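Structure data (compact mmCIF, C-alpha atoms and all ligand atoms) from data18.txt:
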```txt
# COMPACT_ATOMS: atom_id res chain seq x y z
CA MET A 24 -5.53 23.78 0.42
CA GLY A 25 -4.26 21.71 -2.54
CA GLU A 26 -4.89 22.02 -6.23
CA PRO A 27 -8.59 22.63 -7.08
CA LEU A 28 -10.20 19.65 -8.80
CA LEU A 29 -13.81 20.78 -9.06
CA VAL A 30 -14.82 24.44 -8.91
CA ALA A 31 -18.14 26.27 -8.96
CA ASP A 32 -17.36 29.86 -9.84
CA ALA A 33 -20.03 32.51 -9.16
CA VAL A 34 -22.80 30.18 -10.31
CA HIS A 35 -26.34 31.43 -10.72
CA LYS A 36 -29.19 28.98 -11.20
CA THR A 37 -32.75 30.12 -11.69
CA TYR A 38 -35.76 27.88 -12.23
CA ARG A 39 -38.65 29.17 -14.28
CA VAL A 40 -41.99 28.15 -12.84
CA GLY A 41 -44.76 29.29 -15.16
CA ARG A 42 -44.01 32.99 -15.58
CA VAL A 43 -42.11 33.28 -12.35
CA ASP A 44 -38.33 33.11 -12.01
CA VAL A 45 -37.16 31.28 -8.89
CA PRO A 46 -33.52 32.18 -8.19
CA VAL A 47 -31.85 29.39 -6.19
CA LEU A 48 -28.09 29.82 -6.60
CA CYS A 49 -27.04 33.47 -6.49
CA GLY A 50 -23.34 33.62 -7.26
CA THR A 51 -22.39 30.42 -5.48
CA SER A 52 -18.66 29.70 -5.38
CA LEU A 53 -17.06 26.54 -4.07
CA SER A 54 -13.60 25.17 -4.76
CA ILE A 55 -13.01 21.50 -3.92
CA ALA A 56 -9.38 20.45 -3.79
CA ARG A 57 -8.13 17.14 -5.17
CA GLY A 58 -8.55 14.56 -2.40
CA GLU A 59 -10.70 16.82 -0.23
CA TRP A 60 -13.98 15.78 1.46
CA VAL A 61 -16.45 18.66 1.73
CA ALA A 62 -19.77 18.42 3.56
CA ILE A 63 -22.54 20.72 2.27
CA LEU A 64 -25.24 21.71 4.72
CA GLY A 65 -28.16 24.10 4.53
CA SER A 66 -31.85 24.31 5.25
CA SER A 67 -34.37 22.47 3.11
CA GLY A 68 -34.85 24.33 -0.17
CA SER A 69 -31.56 26.25 0.14
CA GLY A 70 -30.28 24.78 -3.14
CA LYS A 71 -28.00 21.91 -2.08
CA SER A 72 -29.33 19.42 -4.65
CA THR A 73 -29.33 22.15 -7.30
CA LEU A 74 -25.65 22.85 -6.58
CA MET A 75 -24.85 19.12 -6.76
CA HIS A 76 -26.63 18.83 -10.11
CA VAL A 77 -24.64 21.68 -11.66
CA LEU A 78 -21.38 20.35 -10.17
CA GLY A 79 -22.17 16.95 -11.69
CA GLY A 80 -22.97 18.32 -15.16
CA ILE A 81 -26.57 17.11 -14.84
CA ASP A 82 -27.83 20.69 -14.99
CA ARG A 83 -26.20 23.91 -16.20
CA PRO A 84 -25.76 27.31 -14.60
CA ASP A 85 -27.84 30.13 -16.05
CA ARG A 86 -26.43 31.28 -19.40
CA ASP A 87 -23.23 33.34 -18.93
CA LYS A 88 -23.76 33.38 -15.19
CA GLY A 89 -21.04 31.32 -13.65
CA ASP A 90 -18.93 28.36 -14.53
CA ILE A 91 -18.18 24.81 -13.41
CA ARG A 92 -14.57 23.71 -13.93
CA PHE A 93 -13.11 20.21 -13.63
CA LYS A 94 -9.32 19.99 -13.71
CA GLY A 95 -9.33 23.60 -14.90
CA GLU A 96 -11.61 22.92 -17.90
CA SER A 97 -14.97 24.63 -18.17
CA LEU A 98 -17.83 22.14 -18.58
CA ALA A 99 -19.45 24.75 -20.85
CA SER A 100 -16.65 24.25 -23.38
CA TRP A 101 -17.30 20.50 -23.72
CA GLY A 102 -19.36 18.69 -26.32
CA HIS A 103 -21.95 15.99 -25.57
CA GLY A 104 -19.45 13.11 -25.61
CA ARG A 105 -17.13 14.70 -23.07
CA ILE A 106 -20.03 15.70 -20.80
CA ASP A 107 -21.41 12.13 -20.95
CA ARG A 108 -17.99 10.78 -20.00
CA TYR A 109 -17.72 13.29 -17.16
CA ARG A 110 -21.10 12.22 -15.80
CA SER A 111 -20.48 8.50 -16.06
CA ARG A 112 -16.74 8.17 -15.37
CA ASP A 113 -15.16 11.26 -13.78
CA VAL A 114 -18.00 11.76 -11.31
CA GLY A 115 -20.02 9.25 -9.31
CA PHE A 116 -23.41 10.69 -8.38
CA VAL A 117 -25.71 9.56 -5.57
CA PHE A 118 -29.07 11.22 -6.19
CA GLN A 119 -31.17 12.25 -3.23
CA HIS A 120 -34.01 10.10 -4.57
CA TYR A 121 -31.66 7.36 -5.90
CA HIS A 122 -32.94 7.28 -9.52
CA LEU A 123 -32.34 3.56 -9.95
CA LEU A 124 -33.72 2.12 -13.19
CA PRO A 125 -36.78 0.04 -12.24
CA GLU A 126 -36.48 -2.55 -15.02
CA LEU A 127 -32.89 -3.47 -14.16
CA SER A 128 -31.67 -5.74 -11.39
CA VAL A 129 -29.62 -4.38 -8.50
CA LEU A 130 -26.40 -5.70 -10.08
CA GLU A 131 -27.25 -4.21 -13.48
CA ASN A 132 -28.06 -0.86 -11.88
CA ALA A 133 -24.79 -0.90 -9.98
CA ALA A 134 -22.79 -1.69 -13.11
CA LEU A 135 -24.49 0.92 -15.30
CA PRO A 136 -21.69 3.55 -15.33
CA CYS A 137 -19.18 0.82 -16.28
CA THR A 138 -21.09 -0.42 -19.30
CA VAL A 139 -19.91 1.21 -22.51
CA GLY A 140 -22.55 3.59 -23.80
CA GLY A 141 -24.54 3.37 -20.55
CA ALA A 142 -27.96 1.76 -20.89
CA GLY A 143 -27.07 0.46 -24.38
CA GLY A 144 -24.63 -2.12 -23.06
CA LEU A 145 -26.43 -3.86 -20.28
CA SER A 146 -25.11 -7.35 -20.78
CA LEU A 147 -22.77 -7.97 -17.90
CA SER A 148 -21.74 -11.40 -19.13
CA GLY A 149 -18.79 -9.97 -21.09
CA SER A 150 -17.35 -8.16 -18.10
CA ARG A 151 -16.44 -10.43 -15.24
CA GLU A 152 -14.24 -7.71 -13.77
CA VAL A 153 -17.14 -5.23 -13.56
CA ARG A 154 -19.46 -7.88 -12.16
CA ASP A 155 -16.91 -8.93 -9.53
CA ARG A 156 -16.20 -5.33 -8.52
CA CYS A 157 -19.90 -4.49 -8.20
CA THR A 158 -20.58 -7.72 -6.33
CA ARG A 159 -17.83 -6.93 -3.81
CA LEU A 160 -19.15 -3.39 -3.32
CA LEU A 161 -22.76 -4.57 -2.94
CA GLU A 162 -21.62 -7.10 -0.34
CA ALA A 163 -19.58 -4.46 1.49
CA CYS A 164 -22.71 -2.29 1.61
CA GLY A 165 -24.83 -5.13 3.00
CA VAL A 166 -27.00 -5.63 -0.10
CA GLY A 167 -25.15 -8.55 -1.69
CA HIS A 168 -28.16 -10.81 -1.08
CA ARG A 169 -30.36 -8.47 -3.16
CA MET A 170 -28.27 -8.60 -6.34
CA CYS A 171 -30.94 -10.17 -8.57
CA HIS A 172 -33.83 -8.14 -7.17
CA ARG A 173 -35.44 -5.13 -8.84
CA PRO A 174 -35.32 -1.75 -7.04
CA ALA A 175 -39.07 -1.90 -6.30
CA GLU A 176 -38.43 -4.97 -4.13
CA LEU A 177 -35.93 -3.10 -1.91
CA SER A 178 -36.36 -0.89 1.13
CA GLY A 179 -35.45 2.81 0.90
CA GLY A 180 -32.19 2.26 2.74
CA GLU A 181 -31.27 -0.69 0.50
CA ARG A 182 -31.93 1.43 -2.60
CA GLN A 183 -29.77 4.16 -1.16
CA ARG A 184 -26.89 1.71 -0.71
CA VAL A 185 -27.28 0.41 -4.28
CA ALA A 186 -27.19 4.04 -5.48
CA LEU A 187 -23.89 4.49 -3.62
CA VAL A 188 -22.44 1.33 -5.16
CA ARG A 189 -23.45 2.57 -8.62
CA ALA A 190 -21.70 5.89 -7.90
CA LEU A 191 -18.48 4.15 -6.85
CA ALA A 192 -18.52 1.35 -9.42
CA ALA A 193 -16.60 3.13 -12.18
CA ASP A 194 -13.92 4.29 -9.73
CA PRO A 195 -14.63 8.02 -10.27
CA ALA A 196 -12.30 10.88 -9.32
CA VAL A 197 -15.13 12.66 -7.52
CA LEU A 198 -18.08 11.38 -5.50
CA LEU A 199 -21.05 13.75 -5.42
CA ALA A 200 -23.42 12.30 -2.84
CA ASP A 201 -26.75 13.97 -2.04
CA GLU A 202 -27.69 12.77 1.45
CA PRO A 203 -26.25 9.27 0.96
CA THR A 204 -27.12 8.19 4.50
CA GLY A 205 -30.46 10.01 4.78
CA ASN A 206 -32.49 6.79 4.98
CA LEU A 207 -30.12 4.65 7.01
CA ASP A 208 -30.07 3.71 10.68
CA ALA A 209 -27.00 4.62 12.73
CA ALA A 210 -25.20 1.29 12.24
CA ASN A 211 -25.70 1.19 8.45
CA SER A 212 -24.88 4.87 8.17
CA ALA A 213 -21.58 4.36 10.01
CA ALA A 214 -20.73 1.35 7.81
CA ILE A 215 -21.39 3.32 4.63
CA LEU A 216 -19.36 6.27 5.89
CA ASP A 217 -16.48 3.91 6.73
CA LEU A 218 -16.58 2.61 3.16
CA ILE A 219 -16.62 6.16 1.77
CA ALA A 220 -13.82 7.18 4.15
CA ALA A 221 -11.70 4.24 2.96
CA ARG A 222 -12.09 5.47 -0.65
CA HIS A 223 -11.30 9.00 0.52
CA SER A 224 -8.05 7.78 2.09
CA GLU A 225 -7.17 6.32 -1.34
CA GLY A 226 -7.62 9.77 -2.90
CA LEU A 227 -11.34 10.04 -3.73
CA THR A 228 -12.55 13.66 -3.74
CA ILE A 229 -15.98 14.02 -2.13
CA ALA A 230 -18.78 16.57 -1.96
CA MET A 231 -21.54 15.28 0.29
CA VAL A 232 -24.85 16.89 1.19
CA THR A 233 -26.11 16.04 4.63
CA HIS A 234 -28.44 17.38 7.30
CA ASP A 235 -26.61 15.34 9.92
CA GLN A 236 -23.81 17.08 11.87
CA THR A 237 -22.30 13.71 12.85
CA VAL A 238 -22.01 12.76 9.18
CA ALA A 239 -20.67 16.22 8.29
CA ALA A 240 -18.01 15.90 10.99
CA ARG A 241 -16.40 13.06 9.02
CA ALA A 242 -15.51 15.56 6.27
CA ASP A 243 -12.38 17.72 6.03
CA ARG A 244 -14.51 20.85 5.71
CA MET A 245 -18.12 21.95 6.12
CA VAL A 246 -19.81 24.59 4.05
CA HIS A 247 -23.33 25.95 4.45
CA LEU A 248 -25.62 27.17 1.72
CA VAL A 249 -27.37 30.31 2.88
CA ASP A 250 -29.41 32.59 0.63
CA GLY A 251 -28.00 30.90 -2.47
CA ARG A 252 -24.38 31.41 -1.43
CA VAL A 253 -21.76 29.28 0.25
CA GLU A 254 -20.68 30.04 3.77
CA CYS A 255 -17.54 28.31 5.02
CA ARG A 256 -17.25 26.81 8.47
CA PRO A 257 -14.38 24.83 9.98
CA VAL A 258 -15.31 21.44 11.41
CA SER A 259 -15.08 21.03 15.16
CA ARG A 260 -14.19 17.34 15.44
CA SER A 261 -14.89 17.13 19.16
CA SER A 262 -18.50 18.28 18.98
CA GLY A 263 -19.41 17.99 15.31
CA THR A 264 -20.58 21.60 15.45
CA SER A 265 -19.26 24.45 13.38
CA VAL A 266 -18.57 28.15 13.59
CA PRO A 267 -19.09 30.66 10.74
CA SER A 268 -15.77 31.98 9.48
CA ARG A 269 -16.70 33.99 6.37
CA SER A 270 -19.37 36.26 5.16
CA PRO A 271 -21.95 34.53 2.92
CA ALA A 272 -20.77 36.60 -0.04
CA ALA A 273 -17.14 35.44 0.09
CA PRO A 274 -16.01 32.57 -2.15
CA ALA A 275 -15.29 29.40 -0.20
N1 LIG B 1 -37.00 21.64 -11.33
C1 LIG B 1 -37.36 22.65 -10.53
N2 LIG B 1 -38.26 23.56 -10.94
C2 LIG B 1 -38.59 24.60 -10.16
N3 LIG B 1 -38.11 24.82 -8.91
C3 LIG B 1 -37.22 23.92 -8.45
C4 LIG B 1 -36.80 22.79 -9.22
N4 LIG B 1 -35.90 22.10 -8.50
C5 LIG B 1 -35.77 22.75 -7.33
N5 LIG B 1 -36.57 23.83 -7.28
C6 LIG B 1 -36.67 24.80 -6.20
O1 LIG B 1 -35.36 25.24 -5.90
C7 LIG B 1 -35.17 25.39 -4.51
C8 LIG B 1 -33.96 24.57 -4.09
O2 LIG B 1 -34.23 23.19 -4.30
P1 LIG B 1 -33.17 22.07 -3.92
O3 LIG B 1 -33.79 20.77 -4.25
O4 LIG B 1 -31.87 22.42 -4.56
O5 LIG B 1 -33.06 22.30 -2.34
P2 LIG B 1 -32.31 21.41 -1.22
O6 LIG B 1 -31.43 22.34 -0.44
O7 LIG B 1 -31.66 20.25 -1.87
O8 LIG B 1 -33.51 20.95 -0.31
P3 LIG B 1 -33.70 19.59 0.56
O9 LIG B 1 -32.81 19.72 1.77
O10 LIG B 1 -35.15 19.61 0.92
O11 LIG B 1 -33.33 18.43 -0.32
C9 LIG B 1 -36.48 24.94 -3.85
O12 LIG B 1 -37.21 26.11 -3.52
C10 LIG B 1 -37.18 24.15 -4.92
O13 LIG B 1 -38.56 24.28 -4.83
MG MG B 2 -31.98 18.21 -1.78
```
Now that the file is in, can you turn its structure into structure tokens?
Amino acid sequence: MGEPLLVADAVHKTYRVGRVDVPVLCGTSLSIARGEWVAILGSSGSGKSTLMHVLGGIDRPDRDKGDIRFKGESLASWGHGRIDRYRSRDVGFVFQHYHLLPELSVLENAALPCTVGGAGGLSLSGSREVRDRCTRLLEACGVGHRMCHRPAELSGGERQRVALVRALAADPAVLLADEPTGNLDAANSAAILDLIAARHSEGLTIAMVTHDQTVAARADRMVHLVDGRVECRPVSRSSGTSVPSRSPAAPA
């Protein structure tokens, strides 16, 4: 494996619900090499979205219990400005439930990570380059005809594709995609995966959550979240199935 780009090192994440602690990640380790495509699988509630959120700097590990490192730097050592830049520029994030801003058009949503200061700089008129790039991506994802619509006027699958365009718009080093094809039919899913694969061949590093073995088989490597830990399985390209190769406690 090549040089690690994004690393989760023995990460614990516990949610507090009322007076009850709910441990979700229990020493999860995952090292993603520069240019690698990793598929993350696991049963519902196993912590896949939680892991994506801590990898993306949207949430933090429990205090002093694990570390996220990007290019060897601990996210915990960064101030607000650097974390904001990491979230908007270094990483492109596709949320499981899209999180598009309802008051913005499709094009404005897609361009959001490219606008200086995020939601503060929504005028796209000054940036023809951003507008053209987003327009091309929206067209490539089959939602070019929805550019002026609001998210509420779109189907679930259309919203999902806009969320992917937003994640790719700022040309990030890493794509963190939480079930990016979960609402798409087979043809649209294949088209989106082709687009992601094309970016991957240009060097994009990818961590992608999926329940779909066919989608996971497009990745270089599959890992499974089991009991809050990562289990590593090599991809069988012929069948799309996988075989456990490590104990759940071993770092992947
Ligand atoms: N904000 C929260 N507060 C409390 N508990 C939470 C919170 N977010 C997630 N959980 C709990 O953490 C566990 C893992 O949730 P997570 O969303 O990471 O699972 P998942 O593997 O992504 O599931 P799915 O495949 O259904 O999307 C679940 O038991 C969930 O109820
Ligand atoms: Mg999830």
Give the residues close to ligand LIG 1 (chain B), within 12 Å, counting all atoms listed in the file; write them as a PDB file with C-alpha atoms, keeping the file's coordinate frame.
```pdb
ATOM      1  CA  HIS A  35     -26.340  31.430 -10.720  1.00  0.00           C
ATOM      2  CA  LYS A  36     -29.190  28.980 -11.200  1.00  0.00           C
ATOM      3  CA  THR A  37     -32.750  30.120 -11.690  1.00  0.00           C
ATOM      4  CA  TYR A  38     -35.760  27.880 -12.230  1.00  0.00           C
ATOM      5  CA  ARG A  39     -38.650  29.170 -14.280  1.00  0.00           C
ATOM      6  CA  VAL A  40     -41.990  28.150 -12.840  1.00  0.00           C
ATOM      7  CA  GLY A  41     -44.760  29.290 -15.160  1.00  0.00           C
ATOM      8  CA  ARG A  42     -44.010  32.990 -15.580  1.00  0.00           C
ATOM      9  CA  VAL A  43     -42.110  33.280 -12.350  1.00  0.00           C
ATOM     10  CA  ASP A  44     -38.330  33.110 -12.010  1.00  0.00           C
ATOM     11  CA  VAL A  45     -37.160  31.280  -8.890  1.00  0.00           C
ATOM     12  CA  PRO A  46     -33.520  32.180  -8.190  1.00  0.00           C
ATOM     13  CA  VAL A  47     -31.850  29.390  -6.190  1.00  0.00           C
ATOM     14  CA  LEU A  48     -28.090  29.820  -6.600  1.00  0.00           C
ATOM     15  CA  CYS A  49     -27.040  33.470  -6.490  1.00  0.00           C
ATOM     16  CA  ILE A  63     -22.540  20.720   2.270  1.00  0.00           C
ATOM     17  CA  LEU A  64     -25.240  21.710   4.720  1.00  0.00           C
ATOM     18  CA  GLY A  65     -28.160  24.100   4.530  1.00  0.00           C
ATOM     19  CA  SER A  66     -31.850  24.310   5.250  1.00  0.00           C
ATOM     20  CA  SER A  67     -34.370  22.470   3.110  1.00  0.00           C
ATOM     21  CA  GLY A  68     -34.850  24.330  -0.170  1.00  0.00           C
ATOM     22  CA  SER A  69     -31.560  26.250   0.140  1.00  0.00           C
ATOM     23  CA  GLY A  70     -30.280  24.780  -3.140  1.00  0.00           C
ATOM     24  CA  LYS A  71     -28.000  21.910  -2.080  1.00  0.00           C
ATOM     25  CA  SER A  72     -29.330  19.420  -4.650  1.00  0.00           C
ATOM     26  CA  THR A  73     -29.330  22.150  -7.300  1.00  0.00           C
ATOM     27  CA  LEU A  74     -25.650  22.850  -6.580  1.00  0.00           C
ATOM     28  CA  MET A  75     -24.850  19.120  -6.760  1.00  0.00           C
ATOM     29  CA  HIS A  76     -26.630  18.830 -10.110  1.00  0.00           C
ATOM     30  CA  VAL A  77     -24.640  21.680 -11.660  1.00  0.00           C
ATOM     31  CA  ILE A  81     -26.570  17.110 -14.840  1.00  0.00           C
ATOM     32  CA  ASP A  82     -27.830  20.690 -14.990  1.00  0.00           C
ATOM     33  CA  PHE A 118     -29.070  11.220  -6.190  1.00  0.00           C
ATOM     34  CA  GLN A 119     -31.170  12.250  -3.230  1.00  0.00           C
ATOM     35  CA  HIS A 120     -34.010  10.100  -4.570  1.00  0.00           C
ATOM     36  CA  ALA A 200     -23.420  12.300  -2.840  1.00  0.00           C
ATOM     37  CA  ASP A 201     -26.750  13.970  -2.040  1.00  0.00           C
ATOM     38  CA  GLU A 202     -27.690  12.770   1.450  1.00  0.00           C
ATOM     39  CA  PRO A 203     -26.250   9.270   0.960  1.00  0.00           C
ATOM     40  CA  GLY A 205     -30.460  10.010   4.780  1.00  0.00           C
ATOM     41  CA  MET A 231     -21.540  15.280   0.290  1.00  0.00           C
ATOM     42  CA  VAL A 232     -24.850  16.890   1.190  1.00  0.00           C
ATOM     43  CA  THR A 233     -26.110  16.040   4.630  1.00  0.00           C
ATOM     44  CA  HIS A 234     -28.440  17.380   7.300  1.00  0.00           C
ATOM     45  CA  ASP A 235     -26.610  15.340   9.920  1.00  0.00           C
ATOM     46  CA  HIS A 247     -23.330  25.950   4.450  1.00  0.00           C
ATOM     47  CA  LEU A 248     -25.620  27.170   1.720  1.00  0.00           C
ATOM     48  CA  VAL A 249     -27.370  30.310   2.880  1.00  0.00           C
ATOM     49  CA  ASP A 250     -29.410  32.590   0.630  1.00  0.00           C
ATOM     50  CA  GLY A 251     -28.000  30.900  -2.470  1.00  0.00           C
ATOM     51  CA  ARG A 252     -24.380  31.410  -1.430  1.00  0.00           C
ATOM     52  CA  VAL A 253     -21.760  29.280   0.250  1.00  0.00           C
TER      53      VAL A 253
END
```
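Nearest-residue note for ligand MG 2 (chain B): choosing from A:Arg108, A:Glu96, A:Tyr121, A:Trp60, the minimum distance belongs to A:Tyr121, counting all atoms listed in the file.
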**OP:** Choose the residue, out of A:Ser212, A:Gly80, A:Ala31, A:Cys171, that has the smallest atom-to-atom separation from A:Gly102; count all atoms listed in the file.
**Re:**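 Result for the nearest residue to A:Gly102: A:Gly80.
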Original post:
Restricting the calculation to only C-alpha atoms, which member of A:Thr138, A:Ala133, A:Ile229, A:Arg169 is positioned closest to A:Ala192?
Top reply: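 So, comparing all the options, the nearest one is A:Ala133.
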Subject >> Expected residue set, 12 Å radius at (-34.3, 0.5, -2.2), all atoms listed in the file, as a PyMOL selection string >> reply: chain A and resi 120-125+128-129+132+166+169-170+172-187+206-207
**OP:** Mind giving me the straight-line distance from atom CA of A:Arg110 to atom CA of A:Val153 in Å, one decimal?
**Re:** 18.0 Å
**OP:** Choose the residue, out of A:Leu98, A:Glu162, A:His103, A:Val117, that has the smallest atom-to-atom separation from ligand MG 2 (chain B); count only C-alpha atoms and all ligand atoms.
**Re:** A:Val117
Subject >> Which residue of A:Ala213, A:Ile106, A:Leu29, A:Leu135 approaches A:Thr228 most closely, using all atoms listed in the file >> reply: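 Smallest distance to A:Thr228 is found for A:Leu29.
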**OP:** Name all residues at most 9 Å from A:Gly58 (count all atoms listed in the file; drop same-chain ones fewer than 2 positions away) and give them as number ranges by chain.
**Re:** A: 25, 28, 55-56, 60, 196-197, 223-229
Subject >> Gap from atom CA of A:Gly79 to atom CA of A:Arg112 - Å, one decimal >> reply: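 According to the coordinates, atom CA of A:Gly79 and atom CA of A:Arg112 are separated by 11.0 Å.
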**OP:** Could you check how far atom CA of A:Leu78 sits from atom CA of A:Val61, in Å to one decimal?
**Re:** 13.0 Å
Original post:
For A:Arg189, which residue out of A:Ala209, A:Ala239, A:Ala163, A:Leu130 is the nearest one, using all atoms listed in the file?
Top reply: A:Leu130
Original post:
Which protein, DNA or RNA residues are at most 8 Å from (-13.1, 19.2, -12.2) in the file's coordinates when you count all atoms listed in the file, listed as an NGL selection string?
Top reply: :A and (27-30 or 91-96)
